[in-house]
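Structure first, commentary second.
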Amino acid sequence: MHFGLCSSRILCVRVCAVSFLRVCGLKKTVSMPKRAKKNEEAVEGETGNGAEPAKKEKKGKEPESPILYEDPPAKMTGKDGRASNMKITSWNVDGLRAWVRKNGLDWVRKEDPDVLCLQETKCAEKALPSEVTDMPEYPHKYWAASEDKEGYSGVAMLCKTEPLNVTYGIGKEEHDKEGRVITAEFPSFFLVTAYVPNASRGLVRLDYRKTWDVDFRAYLSGLDQRKPLVLCGDLNVAHQEIDLKNPKGNRKNAGFTPEEREGFTQLLEAGFTDSFRELYREQANAYTFWTYMMNARAKNVGWRLDYFLLSSALLPGLCDSKIRNTAMGSDHCPITLYLAV
């Protein structure tokens, strides 16, 4: 076989094909293969909250080393000198049954909170895994699930000591049918766990979210008039630019719209305090959610969506507010509150 002649014929065929496509007004589809660049990665931009992927990095730019957050040792006394006597953990598990299979309960047993609050359980009470329902550490367990959609939303609260009273929802049918809120009354405070609705991709539920924010704030304010409260859960908003990796590219995406951020601001103005920011005002790169896409968690490209908010009356007893970002099992990590009550 004459290799030089063969190569010339192949080149001729390629040139003719490209010329034909150009004449027809079509894009060039015949091209020589390119070598893949080493260390070339897509830039992170997908939030899991309806955001679109960010543009790729410019060619030749080396990927930046991730800036990680290291959860410091817990502070065990409050501003008033009292020692912590209440430990609460909150975790969006992104599906209770899957979380159990990923050994989430092993971490819970090591953390050993007095109360465990879970969001996005996606599980009707009849389908709850026995590994959770049979836990002797938490004899008092409470569940709320969506009435209309199986495998959607859902929250839970597991307590070592029995609350004085437990209620479900916020008293409005349009919200309560989705199983998003449980409230437990203890002797000196209310504990509310919530999975706040997502504005969704394309912001198709943004108007509903704005209505929720108004109604939920009124509900919390009503409780606060009776007894101070702790609100925990996935509140589905990054309040400030410091609370997510890519604020500029997410201003029109669910979780960082001006409307959602303003709703959170109004909640703080109603008398509640973001416990993490109270203690760590300038701490950047501290996130609680990372999309499963594009290796976002390893790169620490995330959002802080999970919170402990406190009534002002509880602030003197605030000891610490932790982000347990090394705990695996979900696209969110758990958070833990140390409180003197």
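How things are named: the first chain in the structure tokens is A, the next is B, and so on; residues count from 1 in each chain; ligands count from 1 in the order shown.
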
>> I'd like to know which residues of stretch 81-196 of chain A are alpha helix (DSSP H) (by DSSP, run on the backbone); could you write them as a PyMOL selection string?
In response: chain A and resi 96-101+104-111+130-133+173-176

>> So that I can see what lies close to A:Arg226, please list as an MDAnalysis selection string the residues with an atom at most 12 Å from it, counting only C-alpha atoms and leaving out residues fewer than 3 positions away in the same chain.
In response: chainID A and resid 185 187:190 219:223 229 311 313

Keeping only N, CA, C and O atoms, write the selected residues as a PDB file, in the first residue's frame.
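Generated file (result12.pdb):
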```
ATOM      1  N   GLU A 185     -42.994  22.322  71.536  1.00  0.00           N
ATOM      2  CA  GLU A 185     -42.907  23.247  72.662  1.00  0.00           C
ATOM      3  C   GLU A 185     -42.169  22.574  73.814  1.00  0.00           C
ATOM      4  O   GLU A 185     -42.548  21.485  74.266  1.00  0.00           O
ATOM      5  N   PRO A 187     -40.179  23.487  77.793  1.00  0.00           N
ATOM      6  CA  PRO A 187     -40.499  24.390  78.912  1.00  0.00           C
ATOM      7  C   PRO A 187     -40.081  25.844  78.697  1.00  0.00           C
ATOM      8  O   PRO A 187     -40.829  26.759  79.068  1.00  0.00           O
ATOM      9  N   SER A 188     -38.923  26.086  78.082  1.00  0.00           N
ATOM     10  CA  SER A 188     -38.445  27.470  77.983  1.00  0.00           C
ATOM     11  C   SER A 188     -38.354  28.009  76.558  1.00  0.00           C
ATOM     12  O   SER A 188     -37.965  29.165  76.368  1.00  0.00           O
ATOM     13  N   PHE A 189     -38.722  27.211  75.567  1.00  0.00           N
ATOM     14  CA  PHE A 189     -38.653  27.700  74.182  1.00  0.00           C
ATOM     15  C   PHE A 189     -39.455  26.789  73.259  1.00  0.00           C
ATOM     16  O   PHE A 189     -39.763  25.644  73.592  1.00  0.00           O
ATOM     17  N   PHE A 190     -39.764  27.332  72.084  1.00  0.00           N
ATOM     18  CA  PHE A 190     -40.304  26.534  70.975  1.00  0.00           C
ATOM     19  C   PHE A 190     -39.150  26.134  70.057  1.00  0.00           C
ATOM     20  O   PHE A 190     -38.209  26.907  69.862  1.00  0.00           O
ATOM     21  N   TYR A 219     -46.385  33.477  61.400  1.00  0.00           N
ATOM     22  CA  TYR A 219     -46.500  32.329  62.297  1.00  0.00           C
ATOM     23  C   TYR A 219     -45.415  32.356  63.370  1.00  0.00           C
ATOM     24  O   TYR A 219     -45.694  32.180  64.565  1.00  0.00           O
ATOM     25  N   LEU A 220     -44.183  32.591  62.964  1.00  0.00           N
ATOM     26  CA  LEU A 220     -43.069  32.617  63.915  1.00  0.00           C
ATOM     27  C   LEU A 220     -43.213  33.778  64.895  1.00  0.00           C
ATOM     28  O   LEU A 220     -42.933  33.625  66.096  1.00  0.00           O
ATOM     29  N   SER A 221     -43.640  34.918  64.408  1.00  0.00           N
ATOM     30  CA  SER A 221     -43.821  36.078  65.290  1.00  0.00           C
ATOM     31  C   SER A 221     -44.893  35.803  66.341  1.00  0.00           C
ATOM     32  O   SER A 221     -44.774  36.218  67.494  1.00  0.00           O
ATOM     33  N   GLY A 222     -45.936  35.068  65.927  1.00  0.00           N
ATOM     34  CA  GLY A 222     -46.976  34.702  66.889  1.00  0.00           C
ATOM     35  C   GLY A 222     -46.449  33.795  67.981  1.00  0.00           C
ATOM     36  O   GLY A 222     -46.778  33.961  69.165  1.00  0.00           O
ATOM     37  N   LEU A 223     -45.611  32.833  67.607  1.00  0.00           N
ATOM     38  CA  LEU A 223     -44.989  31.968  68.612  1.00  0.00           C
ATOM     39  C   LEU A 223     -44.086  32.772  69.537  1.00  0.00           C
ATOM     40  O   LEU A 223     -44.075  32.572  70.761  1.00  0.00           O
ATOM     41  N   LEU A 229     -38.081  31.283  70.555  1.00  0.00           N
ATOM     42  CA  LEU A 229     -38.026  30.099  69.700  1.00  0.00           C
ATOM     43  C   LEU A 229     -36.684  29.936  69.022  1.00  0.00           C
ATOM     44  O   LEU A 229     -35.912  30.891  68.847  1.00  0.00           O
ATOM     45  N   SER A 311     -34.706  33.633  68.646  1.00  0.00           N
ATOM     46  CA  SER A 311     -35.319  34.830  69.218  1.00  0.00           C
ATOM     47  C   SER A 311     -34.270  35.585  70.017  1.00  0.00           C
ATOM     48  O   SER A 311     -33.341  34.983  70.587  1.00  0.00           O
ATOM     49  N   ALA A 313     -34.344  36.808  72.872  1.00  0.00           N
ATOM     50  CA  ALA A 313     -34.283  36.419  74.287  1.00  0.00           C
ATOM     51  C   ALA A 313     -33.348  35.232  74.519  1.00  0.00           C
ATOM     52  O   ALA A 313     -32.885  35.017  75.645  1.00  0.00           O
TER      53      ALA A 313
END
```

>> Please identify the strand (DSSP E or B) residues within stretch 90-198 of chain A (assignment by DSSP from backbone atoms) and present them as a PyMOL selection string.
In response: chain A and resi 90-92+115-119+140-144+155-159+165-168+181-185+190-195

Output of the above residues as a CSV table (one decimal), in the first residue's frame, restricted to N, CA, C and O atoms:
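Result file result_15.csv:
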```csv
chain,number,residue,atom,x,y,z
A,90,SER,N,-29.6,19.7,62.9
A,90,SER,CA,-30.6,19.8,61.7
A,90,SER,C,-29.8,19.4,60.5
A,90,SER,O,-28.7,19.7,60.3
A,91,TRP,N,-30.6,18.6,59.6
A,91,TRP,CA,-29.9,18.0,58.5
A,91,TRP,C,-31.0,17.8,57.4
A,91,TRP,O,-32.0,17.1,57.6
A,92,ASN,N,-30.8,18.4,56.2
A,92,ASN,CA,-31.6,18.1,55.0
A,92,ASN,C,-30.9,16.8,54.5
A,92,ASN,O,-29.8,16.8,54.0
A,115,VAL,N,-31.9,16.8,70.3
A,115,VAL,CA,-33.0,16.8,69.3
A,115,VAL,C,-32.4,16.7,67.9
A,115,VAL,O,-31.4,17.4,67.6
A,116,LEU,N,-32.9,15.8,67.1
A,116,LEU,CA,-32.5,15.7,65.7
A,116,LEU,C,-33.6,16.1,64.8
A,116,LEU,O,-34.7,15.6,64.8
A,117,CYS,N,-33.4,17.2,63.9
A,117,CYS,CA,-34.4,17.6,63.0
A,117,CYS,C,-34.0,17.3,61.6
A,117,CYS,O,-32.8,17.6,61.2
A,118,LEU,N,-34.9,16.7,60.8
A,118,LEU,CA,-34.5,16.3,59.4
A,118,LEU,C,-35.5,17.0,58.4
A,118,LEU,O,-36.7,17.2,58.7
A,119,GLN,N,-34.9,17.4,57.3
A,119,GLN,CA,-35.8,17.9,56.2
A,119,GLN,C,-35.6,17.2,54.9
A,119,GLN,O,-34.6,16.5,54.8
A,140,HIS,N,-39.1,9.7,71.2
A,140,HIS,CA,-40.2,10.6,70.8
A,140,HIS,C,-39.9,11.1,69.4
A,140,HIS,O,-39.0,11.9,69.2
A,141,LYS,N,-40.7,10.6,68.5
A,141,LYS,CA,-40.4,10.9,67.1
A,141,LYS,C,-41.7,11.5,66.4
A,141,LYS,O,-42.8,11.0,66.6
A,142,TYR,N,-41.5,12.5,65.6
A,142,TYR,CA,-42.6,13.2,64.9
A,142,TYR,C,-42.3,13.3,63.4
A,142,TYR,O,-41.2,13.7,63.1
A,143,TRP,N,-43.4,13.1,62.6
A,143,TRP,CA,-43.2,13.1,61.2
A,143,TRP,C,-44.2,14.0,60.5
A,143,TRP,O,-45.4,14.0,60.9
A,144,ALA,N,-43.8,14.6,59.4
A,144,ALA,CA,-44.8,15.3,58.5
A,144,ALA,C,-44.4,15.1,57.1
A,144,ALA,O,-43.2,15.1,56.8
A,155,VAL,N,-40.6,16.5,56.7
A,155,VAL,CA,-39.7,16.9,57.8
A,155,VAL,C,-40.0,15.9,59.0
A,155,VAL,O,-41.0,15.2,59.0
A,156,ALA,N,-39.0,15.9,59.9
A,156,ALA,CA,-39.1,15.0,61.0
A,156,ALA,C,-38.4,15.6,62.2
A,156,ALA,O,-37.5,16.5,62.0
A,157,MET,N,-38.8,15.2,63.4
A,157,MET,CA,-38.1,15.7,64.6
A,157,MET,C,-38.0,14.5,65.6
A,157,MET,O,-39.0,13.8,65.9
A,158,LEU,N,-36.8,14.2,66.0
A,158,LEU,CA,-36.6,13.1,67.0
A,158,LEU,C,-36.0,13.6,68.3
A,158,LEU,O,-35.0,14.4,68.2
A,159,CYS,N,-36.7,13.3,69.4
A,159,CYS,CA,-36.3,14.0,70.7
A,159,CYS,C,-36.0,12.9,71.7
A,159,CYS,O,-36.6,11.9,71.8
A,165,ASN,N,-45.7,19.8,73.9
A,165,ASN,CA,-46.7,19.8,72.8
A,165,ASN,C,-46.1,19.8,71.5
A,165,ASN,O,-45.0,20.4,71.3
A,166,VAL,N,-46.7,19.2,70.5
A,166,VAL,CA,-46.2,19.2,69.1
A,166,VAL,C,-47.3,19.5,68.1
A,166,VAL,O,-48.4,18.9,68.2
A,167,THR,N,-47.0,20.4,67.2
A,167,THR,CA,-48.0,20.7,66.2
A,167,THR,C,-47.3,20.6,64.8
A,167,THR,O,-46.1,20.6,64.7
A,168,TYR,N,-48.2,20.6,63.8
A,168,TYR,CA,-47.7,20.4,62.4
A,168,TYR,C,-48.3,21.5,61.5
A,168,TYR,O,-49.5,21.8,61.6
A,181,VAL,N,-43.4,21.8,58.1
A,181,VAL,CA,-43.1,22.4,59.4
A,181,VAL,C,-43.6,21.5,60.5
A,181,VAL,O,-44.7,20.9,60.5
A,182,ILE,N,-42.7,21.3,61.5
A,182,ILE,CA,-43.1,20.7,62.8
A,182,ILE,C,-42.6,21.7,63.9
A,182,ILE,O,-41.5,22.2,63.9
A,183,THR,N,-43.5,21.9,64.9
A,183,THR,CA,-43.2,22.8,66.0
A,183,THR,C,-43.3,22.0,67.3
A,183,THR,O,-44.4,21.4,67.6
A,184,ALA,N,-42.3,22.0,68.1
A,184,ALA,CA,-42.3,21.3,69.5
A,184,ALA,C,-42.2,22.4,70.5
A,184,ALA,O,-41.3,23.3,70.4
A,185,GLU,N,-43.0,22.3,71.5
A,185,GLU,CA,-42.9,23.2,72.7
A,185,GLU,C,-42.2,22.6,73.8
A,185,GLU,O,-42.5,21.5,74.3
A,190,PHE,N,-39.8,27.3,72.1
A,190,PHE,CA,-40.3,26.5,71.0
A,190,PHE,C,-39.2,26.1,70.1
A,190,PHE,O,-38.2,26.9,69.9
A,191,LEU,N,-39.2,25.0,69.5
A,191,LEU,CA,-38.3,24.5,68.4
A,191,LEU,C,-39.1,24.3,67.2
A,191,LEU,O,-40.1,23.4,67.2
A,192,VAL,N,-38.8,25.0,66.1
A,192,VAL,CA,-39.5,24.8,64.8
A,192,VAL,C,-38.5,24.3,63.8
A,192,VAL,O,-37.4,24.9,63.6
A,193,THR,N,-38.8,23.2,63.2
A,193,THR,CA,-38.0,22.8,62.0
A,193,THR,C,-38.8,22.9,60.8
A,193,THR,O,-40.0,22.6,60.7
A,194,ALA,N,-38.1,23.4,59.7
A,194,ALA,CA,-38.8,23.8,58.5
A,194,ALA,C,-38.0,23.4,57.3
A,194,ALA,O,-36.8,23.5,57.3
A,195,TYR,N,-38.7,23.0,56.2
A,195,TYR,CA,-38.2,22.9,54.9
A,195,TYR,C,-38.9,23.9,54.0
A,195,TYR,O,-40.0,23.6,53.5
```

Please tabulate, as a tab-separated table, the residues of stretch 252-284 of chain A that come within 8 Å of stretch 238-245 of chain A, each with its closest pair of atoms and the distance in Å to one decimal, counting only C-alpha atoms and ordering rows by chain, then residue number upward.
```
residue	atom	partner	partner_atom	distance
A:Gly255	CA	A:Ala238	CA	6.0
A:Phe256	CA	A:Ala238	CA	5.8
A:Arg261	CA	A:His239	CA	5.2
A:Phe264	CA	A:His239	CA	6.7
A:Thr265	CA	A:His239	CA	7.6
A:Gln283	CA	A:Ile242	CA	7.8
A:Ala284	CA	A:Ile242	CA	5.7
```

> Using only C-alpha atoms, which residue out of A:Glu131, A:Asp320, A:Glu64, A:Asp213 lies closest to A:Leu268?
Replying inline: A:Asp213

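The shortest atom-to-atom distance to A:Gly317, with only C-alpha atoms taken into account, belongs to A:Val230 out of A:Val230, A:Ile335, A:Ile170, A:Leu96.
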
>> Quick check, in Å to one decimal: how far apart do atom CA of A:Thr288 and atom CA of A:Ala83 lie?
In response: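 The value is 26.3 Å.
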
>> Just checking: using only C-alpha atoms, which residue out of A:His175, A:Arg180, A:Lys149, A:Lys87 ends up closest to A:Thr211?
In response: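 Residue with the minimum atom-to-atom distance to A:Thr211: A:His175.
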